[in-house]
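Right, one structure below, let's go through it.
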There are 2 protein chains.
Amino acid sequence: MAEDNPPRTAKARRGRPRQAEVARLAGVSQTTVSLVLGGNKQGIALHAETRARVLAAARELGYVPDPAARRLAASRNNLLGVFSFTATFPTAVEHSYYPFLVGVEQEAAAQGFDLVLFTGSSPGGAQADVPGALERVRLADGCLLLGRHAPTAALRRLVEDGYPVVHIGRRDDLSDLAWVGADYVDAGVEVMRRLAALGHRRAVLVREDDDATASIDRERGFRTGLTAAGLAGPSGGGDPVVRAVDPVAEITPDWVRERREEGVTAFVAEETDTGAVWRALLAAVDGAGLSAPDDLSLALLGSPPADLADRPEPTGFDIPRAALGAAAVRVLTALLVGAKADEPLVACAFRAGATAGPPPAAL
Amino acid sequence: MAEDNPPRTAKARRGRPRQAEVARLAGVSQTTVSLVLGGNKQGIALHAETRARVLAAARELGYVPDPAARRLAASRNNLLGVFSFTATFPTAVEHSYYPFLVGVEQEAAAQGFDLVLFTGSSPGGAQADVPGALERVRLADGCLLLGRHAPTAALRRLVEDGYPVVHIGRRDDLSDLAWVGADYVDAGVEVMRRLAALGHRRAVLVREDDDATASIDRERGFRTGLTAAGLAGPSGGGDPVVRAVDPVAEITPDWVRERREEGVTAFVAEETDTGAVWRALLAAVDGAGLSAPDDLSLALLGSPPADLADRPEPTGFDIPRAALGAAAVRVLTALLVGAKADEPLVACAFRAGATAGPPPAAL
DNA sequence: TCGGCTTGCTAATGCGCATTAGCTTCGGAG
DNA sequence: CTCCGAAGCTAATGCGCATTAGCAAGCCGA
């Protein structure tokens, strides 16, 4: 396979000029060229005229440093990795990491880093955890993790090696794993505070039967807010939190009516991947012949599913995805220089929406 | 596994493992490691067991090649660059490159390349045209370009150096620049063919007063299709193509009525960044008290603006953005192995939509 | 017995740059 | 006159890898 490429076409240029060629033109050494063009941060004495000659030569030849060589010599890549455990750009928009990436890219650019996208799954769909997949991220100076299904073992290994990793989304299973997350608790408290301010006295939360940290946090926010705002659950004494295994089957018009009879005027749902809980709640309220915000108030702990864009905007909060992405980058770059990041929680933005109002006077 | 690295703490392994460390673990030379991991394309004899030992050692240490070093030594590193001249992930959805990236990521993954996103312009707007910004892409084996405002000079330089670049979107200003684009001409012809098949005899195209290649191509598609389908322009003999400098001011209800009196039953608009032309046409038709597809037919050469999602779906075609991204990757990888790419045009998908039908019998 | 072949591996080199440790000169203090 | 230090520059080295040349055995036929 020894096809020698040196003898290119006469026209084809012999590559870009090197520092050595600039040096020859300027009558100095390559070292001097590097010094001049590199800004001479080490403060080595250089004659102004020499400097000028080098600069002139560089301009004349159109010299541009080779980024690969520069990075090799400086032993940094200026690359941040983004690893997601599903395709980073899935076709199904609802699972898209796009909003996070908006923030990631902005912050990375601001800090002078480029981004490398790794895909955890192979394209064919036969993505059964390619063994070394996660290891590839070492190519970058540090890496951001997206998605819930990070293989713990592979991850632990990276972390233990001292490789800088930041997980987007709260994550407590690996003690040394840095993460950033949305402050669901605080956001939930705020929502409950608003409901109380509107005059509500009794509320329930419908959530998935799931133990994702995000769900847990949202429930905690609800409960904390409930207490803090002086609210209560149904008068029957039942738990104000309902875990729905099958929302459609459990959150029925009758269920809504029963809760109302127990004095509940505010119904809160948590955001889920599919929006199933919120959807079920809306359907049940409709089915009961009621409507928000007149007959009762609805709130959603999170953002509504995209396909419900035509429905009235839910009262609740938005997860600041872009801000989370940016925060993750900041934590990561802090790790790169050995600093410990401070606050990993990013505040959610309260969304007034149109599904909550004062409770009906009748109740 | 032995802790015989003198200088390091037992705990902290400095940085990623090198080939030299893999070699030590496997009891071979760095050369052998490079051979094994590099696929040994030079066909040097290697014992299968040695190979296995090396692979095992590499896996154990989590070895990943350094892209910069690889690039420096071999001029390739399995990385494809994506460079855009505005933020790759802009907040404004209409300028989003997301749809392209879907295809780019899929195809790149399929071909075993990872992606480097070069953060071309900073979101803050601070570094409009950092001189060397484009040069950074040389870290990747080849690069995809997105966006219209690529600095021609910097680009020419890359191309002339033989660096593989593919522009997404037709581009003829740089003779040796490879590109992929949507086949607007063919798509336009198809739309006109359909209109003719529905019974229309006279049509007009409203377009921006703009010389973007995409606009030119769409107009060409319209004209070609008009002729091919045996259609004509207004009976008055005016040009069937209207360049609207200010669509809102020019495309009025009266204008629509006049064209209809000239026998025009099909009104075609081109897609623009803002959707202004299509919007103006819809407004004018409404204003004239007419409606599509009963009183006349409307077609849109391209996709409707997102905020008009609730309006009836326009008849027309969709630009296959994901397919374009994938095609761009294929062209790029072809360039990498020195092959010349064949067909840079990707077919658009006809969209039946709901704004076109047979012309009213009265006319 | 020996040259020639094959098999299996390694030493050495260089990619383009940044960095460090010098090596000259020259002016001035002693 | 020395001697010293600053000014002004360069040789040498290494970053991590791919690649080339070549070395050491083992084997075979003559």
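Chains: A, B, ... in order of the structure tokens. Residues: from 1 per chain. Ligands: from 1, in order shown.
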
(message) Please check the contacts: residues of chain A at most 6 Å away from chain B, using only C-alpha atoms, listed as a PyMOL selection string.
(response) chain A and resi 15+67-68+72+89+102+106+109+114-117+123+135-136+139

(message) What's around Met192 in chain A at 7 Å? Count only C-alpha atoms (C1' of nucleotides), leave out sequence neighbours fewer than 3 positions away in its own chain, and write the answer as a ChimeraX atom specification.
(response) /A:188-189,195-196,222,225-226,229

Dump C-alpha atoms for the selected residues as an mmCIF file, in the first residue's frame?
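Contents of the output file selection.cif:
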data_model
loop_
_atom_site.group_PDB
_atom_site.id
_atom_site.type_symbol
_atom_site.label_atom_id
_atom_site.label_comp_id
_atom_site.auth_asym_id
_atom_site.auth_seq_id
_atom_site.Cartn_x
_atom_site.Cartn_y
_atom_site.Cartn_z
ATOM 1 C CA GLY A 188 -42.894 22.646 43.777
ATOM 2 C CA VAL A 189 -42.967 24.736 46.908
ATOM 3 C CA LEU A 195 -52.189 27.917 44.943
ATOM 4 C CA ALA A 196 -52.538 28.756 48.616
ATOM 5 C CA PHE A 222 -45.298 19.191 46.724
ATOM 6 C CA GLY A 225 -45.037 23.293 49.819
ATOM 7 C CA LEU A 226 -48.287 21.845 51.080
ATOM 8 C CA ALA A 229 -48.399 26.987 52.740
#

After superposing chain B onto chain A (least squares, all C-alpha atoms, pairing by order), export the transformed chain as a compact mmCIF listing (two decimals) with C-alpha atoms, in the first residue's frame.
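The result, written out as out_21.txt:
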# COMPACT_ATOMS: atom_id res chain seq x y z
CA MET B 1 5.88 30.20 -1.02
CA ALA B 2 8.84 28.56 -2.68
CA GLU B 3 8.09 25.16 -4.09
CA ASP B 4 10.99 23.54 -2.34
CA ASN B 5 9.08 20.64 -0.89
CA PRO B 6 10.78 17.85 -2.80
CA PRO B 7 8.31 15.02 -2.71
CA ARG B 8 4.99 16.74 -3.27
CA THR B 9 3.21 17.66 -6.39
CA ALA B 10 3.07 21.39 -6.84
CA LYS B 11 -0.68 21.23 -6.64
CA ALA B 12 -1.45 18.84 -3.85
CA ARG B 13 -0.42 19.90 -0.40
CA ARG B 14 -0.68 16.84 1.69
CA GLY B 15 -2.89 17.31 4.69
CA ARG B 16 -2.99 20.17 7.07
CA PRO B 17 0.09 22.24 7.65
CA ARG B 18 2.21 21.39 10.67
CA GLN B 19 3.95 23.72 13.04
CA ALA B 20 7.16 22.73 11.34
CA GLU B 21 5.92 24.16 8.06
CA VAL B 22 4.82 27.35 9.68
CA ALA B 23 8.24 27.52 11.26
CA ARG B 24 9.98 27.12 7.92
CA LEU B 25 7.86 29.83 6.38
CA ALA B 26 8.54 32.19 9.25
CA GLY B 27 12.19 31.29 9.42
CA VAL B 28 12.09 30.13 13.00
CA SER B 29 12.05 26.84 14.87
CA GLN B 30 9.06 24.70 15.58
CA THR B 31 9.53 25.51 19.24
CA THR B 32 9.06 29.18 18.57
CA VAL B 33 5.92 28.51 16.62
CA SER B 34 4.53 26.48 19.46
CA LEU B 35 5.46 29.23 21.86
CA VAL B 36 3.80 31.95 19.87
CA LEU B 37 0.66 30.05 19.06
CA GLY B 38 0.43 28.58 22.52
CA GLY B 39 0.34 32.02 24.06
CA ASN B 40 3.79 31.60 25.59
CA LYS B 41 2.48 31.07 29.07
CA GLN B 42 5.93 30.23 30.32
CA GLY B 43 6.96 33.83 29.70
CA ILE B 44 9.89 33.17 27.43
CA ALA B 45 11.23 36.31 25.84
CA LEU B 46 10.09 36.71 22.25
CA HIS B 47 10.66 39.58 19.90
CA ALA B 48 7.43 41.19 18.84
CA GLU B 49 8.43 41.06 15.21
CA THR B 50 9.17 37.34 15.38
CA ARG B 51 5.81 36.82 16.91
CA ALA B 52 4.16 38.74 14.11
CA ARG B 53 6.01 36.75 11.46
CA VAL B 54 4.89 33.50 13.00
CA LEU B 55 1.31 34.60 13.24
CA ALA B 56 1.35 35.76 9.65
CA ALA B 57 2.82 32.49 8.47
CA ALA B 58 0.28 30.50 10.43
CA ARG B 59 -2.55 32.47 8.96
CA GLU B 60 -1.17 32.18 5.49
CA LEU B 61 -0.95 28.42 5.68
CA GLY B 62 -4.22 28.09 7.49
CA TYR B 63 -2.54 26.31 10.34
CA VAL B 64 -4.78 24.60 12.86
CA PRO B 65 -3.40 22.53 15.71
CA ASP B 66 -4.00 18.83 15.69
CA PRO B 67 -6.24 18.04 18.61
CA ALA B 68 -4.87 14.60 19.14
CA ALA B 69 -1.27 15.75 19.25
CA ARG B 70 -2.17 18.61 21.48
CA ARG B 71 -4.00 16.33 23.75
CA LEU B 72 -1.17 13.88 23.84
CA ALA B 73 1.48 16.44 24.55
CA ALA B 74 -0.36 18.79 26.82
CA SER B 75 -3.44 17.00 27.95
CA ARG B 76 -5.83 19.63 26.69
CA ASN B 77 -7.13 20.87 23.36
CA ASN B 78 -9.99 23.31 23.76
CA LEU B 79 -12.58 20.73 22.99
CA LEU B 80 -15.55 19.87 25.11
CA GLY B 81 -17.25 16.57 24.55
CA VAL B 82 -20.94 15.85 24.59
CA PHE B 83 -21.83 12.26 25.05
CA SER B 84 -25.36 10.99 25.13
CA PHE B 85 -26.61 7.54 25.76
CA THR B 86 -29.15 7.63 23.04
CA ALA B 87 -28.77 9.32 19.70
CA THR B 88 -28.04 12.95 20.34
CA PHE B 89 -30.53 13.92 17.72
CA PRO B 90 -33.32 11.45 18.03
CA THR B 91 -36.19 11.73 15.68
CA ALA B 92 -38.70 11.56 18.49
CA VAL B 93 -38.87 15.13 19.61
CA GLU B 94 -39.86 14.41 23.16
CA HIS B 95 -36.53 12.78 23.81
CA SER B 96 -34.60 15.47 22.12
CA TYR B 97 -31.57 17.00 23.67
CA TYR B 98 -31.83 19.95 21.41
CA PRO B 99 -32.89 22.43 24.09
CA PHE B 100 -29.87 21.55 26.17
CA LEU B 101 -27.56 21.87 23.25
CA VAL B 102 -28.74 25.38 22.60
CA GLY B 103 -27.30 26.42 25.93
CA VAL B 104 -24.28 24.19 25.68
CA GLU B 105 -23.27 25.59 22.35
CA GLN B 106 -23.69 29.17 23.42
CA GLU B 107 -21.72 28.83 26.57
CA ALA B 108 -19.01 26.74 24.99
CA ALA B 109 -18.57 29.28 22.22
CA ALA B 110 -18.47 32.06 24.77
CA GLN B 111 -15.65 30.31 26.54
CA GLY B 112 -13.76 29.54 23.39
CA PHE B 113 -14.38 25.84 23.24
CA ASP B 114 -15.54 23.84 20.29
CA LEU B 115 -17.83 20.92 20.78
CA VAL B 116 -17.32 17.28 19.94
CA LEU B 117 -20.44 15.24 19.70
CA PHE B 118 -19.64 11.68 20.46
CA THR B 119 -22.07 9.51 18.70
CA GLY B 120 -22.68 7.33 21.67
CA SER B 121 -25.10 4.77 20.51
CA SER B 122 -25.68 4.00 16.93
CA PRO B 123 -29.16 4.73 15.71
CA GLY B 124 -29.44 1.29 14.29
CA GLY B 125 -29.30 0.04 17.82
CA ALA B 126 -26.47 -2.19 16.74
CA GLN B 127 -23.90 -1.22 19.31
CA ALA B 128 -25.86 -0.90 22.50
CA ASP B 129 -22.87 -0.84 24.75
CA VAL B 130 -19.70 -0.90 22.82
CA PRO B 131 -17.16 -1.40 25.57
CA GLY B 132 -14.80 1.41 24.74
CA ALA B 133 -17.41 3.85 23.52
CA LEU B 134 -17.31 6.07 26.54
CA GLU B 135 -13.54 6.03 26.57
CA ARG B 136 -13.44 7.94 23.34
CA VAL B 137 -14.47 11.08 25.12
CA ARG B 138 -10.97 11.33 26.50
CA LEU B 139 -10.11 13.05 23.28
CA ALA B 140 -11.89 16.09 24.64
CA ASP B 141 -10.71 18.05 27.62
CA GLY B 142 -13.83 17.24 29.49
CA CYS B 143 -17.24 15.90 28.75
CA LEU B 144 -20.92 16.52 29.27
CA LEU B 145 -23.19 13.55 29.77
CA LEU B 146 -26.77 13.45 28.63
CA GLY B 147 -29.35 10.79 29.22
CA ARG B 148 -30.27 8.52 32.03
CA HIS B 149 -28.65 5.29 31.12
CA ALA B 150 -25.00 6.03 31.54
CA PRO B 151 -23.17 2.81 32.27
CA THR B 152 -22.09 3.33 35.82
CA ALA B 153 -18.97 1.22 35.68
CA ALA B 154 -17.43 2.93 32.68
CA LEU B 155 -18.37 6.25 34.14
CA ARG B 156 -16.86 5.55 37.51
CA ARG B 157 -13.67 4.75 35.81
CA LEU B 158 -13.51 8.07 34.04
CA VAL B 159 -14.32 9.94 37.19
CA GLU B 160 -11.78 8.06 39.25
CA ASP B 161 -9.14 8.78 36.68
CA GLY B 162 -9.78 12.42 37.32
CA TYR B 163 -11.32 12.99 33.93
CA PRO B 164 -13.68 15.97 34.12
CA VAL B 165 -17.25 14.92 33.55
CA VAL B 166 -20.49 16.72 34.20
CA HIS B 167 -23.81 14.99 34.12
CA ILE B 168 -26.85 16.94 33.07
CA GLY B 169 -29.53 15.96 35.53
CA ARG B 170 -29.10 15.31 39.20
CA ARG B 171 -27.20 12.18 39.93
CA ASP B 172 -26.10 10.93 43.26
CA ASP B 173 -25.07 7.37 42.63
CA LEU B 174 -21.50 8.28 41.85
CA SER B 175 -20.17 10.32 44.68
CA ASP B 176 -17.56 12.25 42.76
CA LEU B 177 -19.58 12.82 39.63
CA ALA B 178 -20.36 16.46 39.04
CA TRP B 179 -23.82 17.30 37.82
CA VAL B 180 -26.20 20.15 37.24
CA GLY B 181 -29.92 19.87 37.63
CA ALA B 182 -33.10 21.84 37.73
CA ASP B 183 -34.22 22.98 41.12
CA TYR B 184 -37.46 21.05 41.18
CA VAL B 185 -37.89 21.47 44.88
CA ASP B 186 -37.80 25.21 44.79
CA ALA B 187 -40.01 25.30 41.73
CA GLY B 188 -42.53 23.03 43.39
CA VAL B 189 -42.57 25.22 46.44
CA GLU B 190 -43.22 28.24 44.29
CA VAL B 191 -46.15 26.58 42.57
CA MET B 192 -47.71 25.64 45.87
CA ARG B 193 -47.16 29.12 47.21
CA ARG B 194 -49.04 30.54 44.26
CA LEU B 195 -51.90 28.12 44.71
CA ALA B 196 -52.13 29.05 48.36
CA ALA B 197 -52.11 32.71 47.44
CA LEU B 198 -55.06 32.11 45.14
CA GLY B 199 -56.99 30.82 48.11
CA HIS B 200 -56.62 27.08 47.87
CA ARG B 201 -56.44 25.10 51.11
CA ARG B 202 -56.25 21.50 50.06
CA ALA B 203 -54.22 19.97 47.25
CA VAL B 204 -53.08 16.63 45.89
CA LEU B 205 -50.16 15.59 43.73
CA VAL B 206 -50.41 12.84 41.18
CA ARG B 207 -47.10 11.32 40.21
CA GLU B 208 -45.70 8.32 38.47
CA ASP B 209 -44.80 5.25 40.45
CA ASP B 210 -41.17 5.73 39.69
CA ASP B 211 -38.03 6.55 41.59
CA ALA B 212 -36.25 8.83 39.17
CA THR B 213 -34.44 11.55 41.06
CA ALA B 214 -36.46 14.14 39.20
CA SER B 215 -39.71 12.57 40.42
CA ILE B 216 -38.43 12.39 43.96
CA ASP B 217 -37.39 16.02 43.85
CA ARG B 218 -40.71 17.14 42.50
CA GLU B 219 -42.55 15.30 45.20
CA ARG B 220 -40.33 16.89 47.77
CA GLY B 221 -41.06 20.29 46.30
CA PHE B 222 -44.74 19.59 46.48
CA ARG B 223 -44.65 18.43 50.08
CA THR B 224 -42.37 21.21 51.22
CA GLY B 225 -44.49 23.80 49.48
CA LEU B 226 -47.66 22.31 50.87
CA THR B 227 -46.40 22.67 54.40
CA ALA B 228 -44.72 26.00 53.90
CA ALA B 229 -47.85 27.49 52.38
CA GLY B 230 -50.04 26.16 55.14
CA LEU B 231 -51.92 23.85 52.82
CA ALA B 232 -53.21 20.38 53.53
CA GLY B 233 -54.11 17.19 51.76
CA PRO B 234 -57.61 15.73 51.41
CA SER B 235 -59.80 16.14 54.50
CA GLY B 236 -60.12 12.40 54.70
CA GLY B 237 -56.57 12.34 55.97
CA GLY B 238 -55.22 10.42 52.98
CA ASP B 239 -51.75 11.02 51.63
CA PRO B 240 -51.71 14.14 49.47
CA VAL B 241 -49.37 12.35 47.11
CA VAL B 242 -50.79 9.69 44.81
CA ARG B 243 -48.45 7.34 43.00
CA ALA B 244 -50.23 6.20 39.91
CA VAL B 245 -49.02 2.94 38.46
CA ASP B 246 -51.51 3.20 35.63
CA PRO B 247 -52.69 6.82 35.47
CA VAL B 248 -55.49 6.19 33.01
CA ALA B 249 -57.03 3.52 35.20
CA GLU B 250 -56.54 5.29 38.50
CA ILE B 251 -57.16 8.93 37.78
CA THR B 252 -60.85 8.75 36.91
CA PRO B 253 -63.69 11.24 37.05
CA ASP B 254 -64.84 9.54 40.20
CA TRP B 255 -61.47 9.92 41.76
CA VAL B 256 -61.60 13.64 41.02
CA ARG B 257 -65.08 13.94 42.51
CA GLU B 258 -64.04 12.13 45.66
CA ARG B 259 -61.08 14.40 46.19
CA ARG B 260 -63.26 17.43 45.69
CA GLU B 261 -65.63 16.15 48.29
CA GLU B 262 -62.64 15.96 50.57
CA GLY B 263 -62.09 19.66 50.02
CA VAL B 264 -59.35 19.42 47.45
CA THR B 265 -59.45 22.33 45.00
CA ALA B 266 -55.98 22.12 43.52
CA PHE B 267 -54.76 19.14 41.54
CA VAL B 268 -51.09 18.94 40.74
CA ALA B 269 -49.42 16.54 38.31
CA GLU B 270 -45.79 15.88 37.66
CA GLU B 271 -44.27 16.02 34.24
CA THR B 272 -43.39 12.63 32.86
CA ASP B 273 -41.68 11.48 29.70
CA THR B 274 -44.93 10.78 27.94
CA GLY B 275 -47.07 13.30 29.77
CA ALA B 276 -49.35 10.41 30.77
CA VAL B 277 -50.13 11.70 34.23
CA TRP B 278 -51.12 15.16 33.07
CA ARG B 279 -53.11 13.72 30.23
CA ALA B 280 -54.98 11.40 32.58
CA LEU B 281 -55.74 14.25 34.94
CA LEU B 282 -57.12 16.41 32.14
CA ALA B 283 -59.26 13.54 30.91
CA ALA B 284 -60.60 12.80 34.37
CA VAL B 285 -61.53 16.42 34.96
CA ASP B 286 -63.25 16.58 31.60
CA GLY B 287 -64.99 13.32 32.35
CA ALA B 288 -66.29 14.70 35.62
CA GLY B 289 -67.86 17.54 33.69
CA LEU B 290 -65.59 20.02 35.39
CA SER B 291 -63.23 22.58 34.00
CA ALA B 292 -60.21 24.49 35.12
CA PRO B 293 -59.75 27.09 36.40
CA ASP B 294 -63.41 27.63 37.22
CA ASP B 295 -64.34 24.46 39.07
CA LEU B 296 -60.87 23.56 40.27
CA SER B 297 -57.27 24.44 39.63
CA LEU B 298 -54.70 22.32 37.84
CA ALA B 299 -50.95 22.66 37.94
CA LEU B 300 -48.19 20.78 36.21
CA LEU B 301 -44.75 20.40 37.71
CA GLY B 302 -42.89 20.72 34.45
CA SER B 303 -43.69 21.39 30.79
CA PRO B 304 -46.69 20.03 28.94
CA PRO B 305 -46.25 17.44 26.19
CA ALA B 306 -45.84 19.02 22.79
CA ASP B 307 -48.97 17.48 21.36
CA LEU B 308 -51.09 19.29 23.91
CA ALA B 309 -49.98 22.66 22.62
CA ASP B 310 -53.55 23.55 21.71
CA ARG B 311 -54.87 22.99 25.24
CA PRO B 312 -54.80 25.89 27.67
CA GLU B 313 -51.31 26.42 28.99
CA PRO B 314 -50.88 24.63 32.30
CA THR B 315 -49.92 26.58 35.36
CA GLY B 316 -46.61 25.28 36.58
CA PHE B 317 -42.98 25.78 35.71
CA ASP B 318 -40.58 25.22 32.86
CA ILE B 319 -37.32 23.43 33.13
CA PRO B 320 -34.71 25.84 31.87
CA ARG B 321 -33.03 23.42 29.55
CA ALA B 322 -30.84 25.88 27.75
CA ALA B 323 -29.77 27.39 31.04
CA LEU B 324 -28.99 23.92 32.31
CA GLY B 325 -26.79 23.25 29.33
CA ALA B 326 -24.96 26.50 29.85
CA ALA B 327 -24.56 25.81 33.54
CA ALA B 328 -23.16 22.39 32.78
CA VAL B 329 -20.54 23.96 30.56
CA ARG B 330 -19.60 26.39 33.28
CA VAL B 331 -19.23 23.62 35.81
CA LEU B 332 -17.14 21.67 33.37
CA THR B 333 -14.78 24.49 32.55
CA ALA B 334 -14.45 25.15 36.25
CA LEU B 335 -13.41 21.54 36.71
CA LEU B 336 -10.88 21.94 33.96
CA VAL B 337 -8.99 24.53 35.93
CA GLY B 338 -9.35 22.56 39.09
CA ALA B 339 -12.03 24.71 40.61
CA LYS B 340 -14.92 23.19 42.41
CA ALA B 341 -18.24 24.34 41.03
CA ASP B 342 -20.55 26.00 43.43
CA GLU B 343 -24.29 25.69 42.92
CA PRO B 344 -25.36 22.89 40.60
CA LEU B 345 -29.04 23.75 40.77
CA VAL B 346 -30.63 25.97 38.18
CA ALA B 347 -33.87 27.71 39.01
CA CYS B 348 -36.99 26.85 37.05
CA ALA B 349 -39.20 29.57 35.65
CA PHE B 350 -42.69 29.80 37.05
CA ARG B 351 -45.33 29.71 34.35
CA ALA B 352 -48.59 31.42 35.25
CA GLY B 353 -50.55 29.46 32.71
CA ALA B 354 -54.31 29.34 32.51
CA THR B 355 -55.38 26.34 34.53
CA ALA B 356 -55.25 27.81 38.01
CA GLY B 357 -57.40 30.45 39.64
CA PRO B 358 -59.20 31.08 42.88
CA PRO B 359 -61.16 28.11 44.21
CA PRO B 360 -64.90 28.22 43.56
CA ALA B 361 -66.76 30.18 46.21
CA ALA B 362 -69.07 27.26 46.84
CA LEU B 363 -66.35 25.25 48.44

(request) Record the distance separating C1' of DT13 in chain C and C1' of DA24 in chain D, expressed in Å with one decimal. (result)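 About the pair C1' of DT13 in chain C and C1' of DA24 in chain D: they are 21.4 Å apart.
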
(request) Dump as a list in words the residues of chain C that approach chain A to within 6 Å, counting only C-alpha atoms (C1' of nucleotides). (result)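 Filtering chain C at 6 Å from chain A with only C-alpha atoms (C1' of nucleotides) gives DG16, DC17 and DA18 of chain C.
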
(message) Quick check for you: according to DSSP on this backbone, which residues of range 125-344 of chain A are classed as strand (DSSP E)? Reply as a PyMOL selection string.
(response) chain A and resi 142-146+165-168+178-182+203-208+241-244+266-270+297-301+315-318

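Atom pair C1' of DC9 in chain C / C1' of DT13 in chain D has a distance of 27.6 Å (rounded to one decimal).
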
(request) Counting only C-alpha atoms (C1' of nucleotides), collect the residues of chain D whose closest atom lies at most 12 Å from chain A, and write them out as number ranges by chain. (result) D: 6-17, 19-20

Could those selected residues go to a file with N, CA and C atoms (P, O5', C5', C4', C3', O3' and C1' of nucleotides), as a compact mmCIF listing (two decimals), in the first residue's frame?
# COMPACT_ATOMS: atom_id res chain seq x y z
P DA D 6 20.02 40.53 36.05
O5' DA D 6 19.41 41.19 34.74
C5' DA D 6 19.79 42.52 34.39
C4' DA D 6 19.97 42.61 32.91
C3' DA D 6 18.76 42.09 32.13
O3' DA D 6 18.30 43.15 31.32
C1' DA D 6 20.80 41.24 31.24
P DA D 7 16.96 43.07 30.49
O5' DA D 7 17.52 42.83 29.02
C5' DA D 7 18.56 43.67 28.54
C4' DA D 7 18.96 43.22 27.16
C3' DA D 7 17.79 42.81 26.28
O3' DA D 7 18.05 43.31 24.98
C1' DA D 7 19.32 41.03 26.46
P DG D 8 16.97 43.20 23.83
O5' DG D 8 17.41 41.83 23.18
C5' DG D 8 18.54 41.80 22.31
C4' DG D 8 18.71 40.42 21.76
C3' DG D 8 17.42 39.84 21.14
O3' DG D 8 17.73 39.42 19.82
C1' DG D 8 18.44 38.28 22.57
P DC D 9 16.59 39.06 18.80
O5' DC D 9 16.72 37.48 18.85
C5' DC D 9 17.79 36.92 18.09
C4' DC D 9 18.27 35.64 18.72
C3' DC D 9 17.50 34.40 18.32
O3' DC D 9 18.04 33.89 17.10
C1' DC D 9 18.34 34.31 20.56
P DT D 10 17.36 32.75 16.36
O5' DT D 10 17.99 31.46 17.03
C5' DT D 10 19.39 31.33 17.15
C4' DT D 10 19.70 30.04 17.89
C3' DT D 10 19.02 28.81 17.30
O3' DT D 10 19.96 27.76 17.30
C1' DT D 10 18.50 29.00 19.59
P DA D 11 19.78 26.54 16.36
O5' DA D 11 20.17 25.35 17.35
C5' DA D 11 21.30 25.47 18.20
C4' DA D 11 21.27 24.35 19.25
C3' DA D 11 20.85 23.00 18.71
O3' DA D 11 21.57 21.99 19.42
C1' DA D 11 19.26 23.75 20.30
P DA D 12 21.37 20.48 19.20
O5' DA D 12 20.26 20.17 20.31
C5' DA D 12 20.43 20.71 21.62
C4' DA D 12 19.37 20.14 22.54
C3' DA D 12 18.85 18.75 22.15
O3' DA D 12 18.65 18.03 23.35
C1' DA D 12 17.04 20.24 22.20
P DT D 13 18.38 16.48 23.27
O5' DT D 13 16.88 16.41 23.83
C5' DT D 13 16.56 17.17 24.99
C4' DT D 13 15.06 17.26 25.14
C3' DT D 13 14.30 15.98 24.77
O3' DT D 13 13.59 15.55 25.90
C1' DT D 13 13.27 17.89 23.81
P DG D 14 13.08 14.03 25.93
O5' DG D 14 11.52 14.25 26.01
C5' DG D 14 10.98 15.34 26.75
C4' DG D 14 9.57 15.57 26.29
C3' DG D 14 8.82 14.30 25.88
O3' DG D 14 7.50 14.36 26.38
C1' DG D 14 8.75 15.87 24.12
P DC D 15 6.69 13.03 26.64
O5' DC D 15 5.20 13.47 26.32
C5' DC D 15 4.70 14.73 26.71
C4' DC D 15 3.66 15.17 25.71
C3' DC D 15 2.93 13.99 25.07
O3' DC D 15 1.68 13.81 25.73
C1' DC D 15 3.58 15.66 23.44
P DG D 16 1.37 12.38 26.35
O5' DG D 16 0.89 11.59 25.05
C5' DG D 16 -0.32 11.97 24.43
C4' DG D 16 -0.43 11.27 23.11
C3' DG D 16 -0.36 9.75 23.17
O3' DG D 16 -1.48 9.25 22.49
C1' DG D 16 1.12 10.56 21.54
P DC D 17 -1.77 7.72 22.35
O5' DC D 17 -1.34 7.46 20.84
C5' DC D 17 -2.11 8.04 19.80
C4' DC D 17 -1.29 8.15 18.53
C3' DC D 17 -1.03 6.84 17.81
O3' DC D 17 -2.06 6.70 16.81
C1' DC D 17 0.86 8.32 17.77
P DT D 19 -0.18 4.80 9.40
O5' DT D 19 1.34 4.72 8.94
C5' DT D 19 2.13 5.90 9.01
C4' DT D 19 3.59 5.53 8.85
C3' DT D 19 3.85 4.24 8.07
O3' DT D 19 4.81 4.53 7.08
C1' DT D 19 5.06 4.23 10.10
P DT D 20 5.03 3.52 5.88
O5' DT D 20 6.61 3.34 5.90
C5' DT D 20 7.44 4.46 6.19
C4' DT D 20 8.79 3.96 6.64
C3' DT D 20 9.26 2.72 5.90
O3' DT D 20 10.54 2.95 5.33
C1' DT D 20 9.43 2.42 8.25

(message) Which of range 113-317 of chain B end up as alpha helix (DSSP H) when DSSP is run on this backbone - answer as a PyMOL selection string?
(response) chain B and resi 152-160+184-198+213-228+247-250+253-261+276-287

(message) What's the separation between C1' of DG30 in chain C and C1' of DT2 in chain D, in Å to one decimal place?
(response)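 Separation of C1' of DG30 in chain C and C1' of DT2 in chain D: 8.6 Å.
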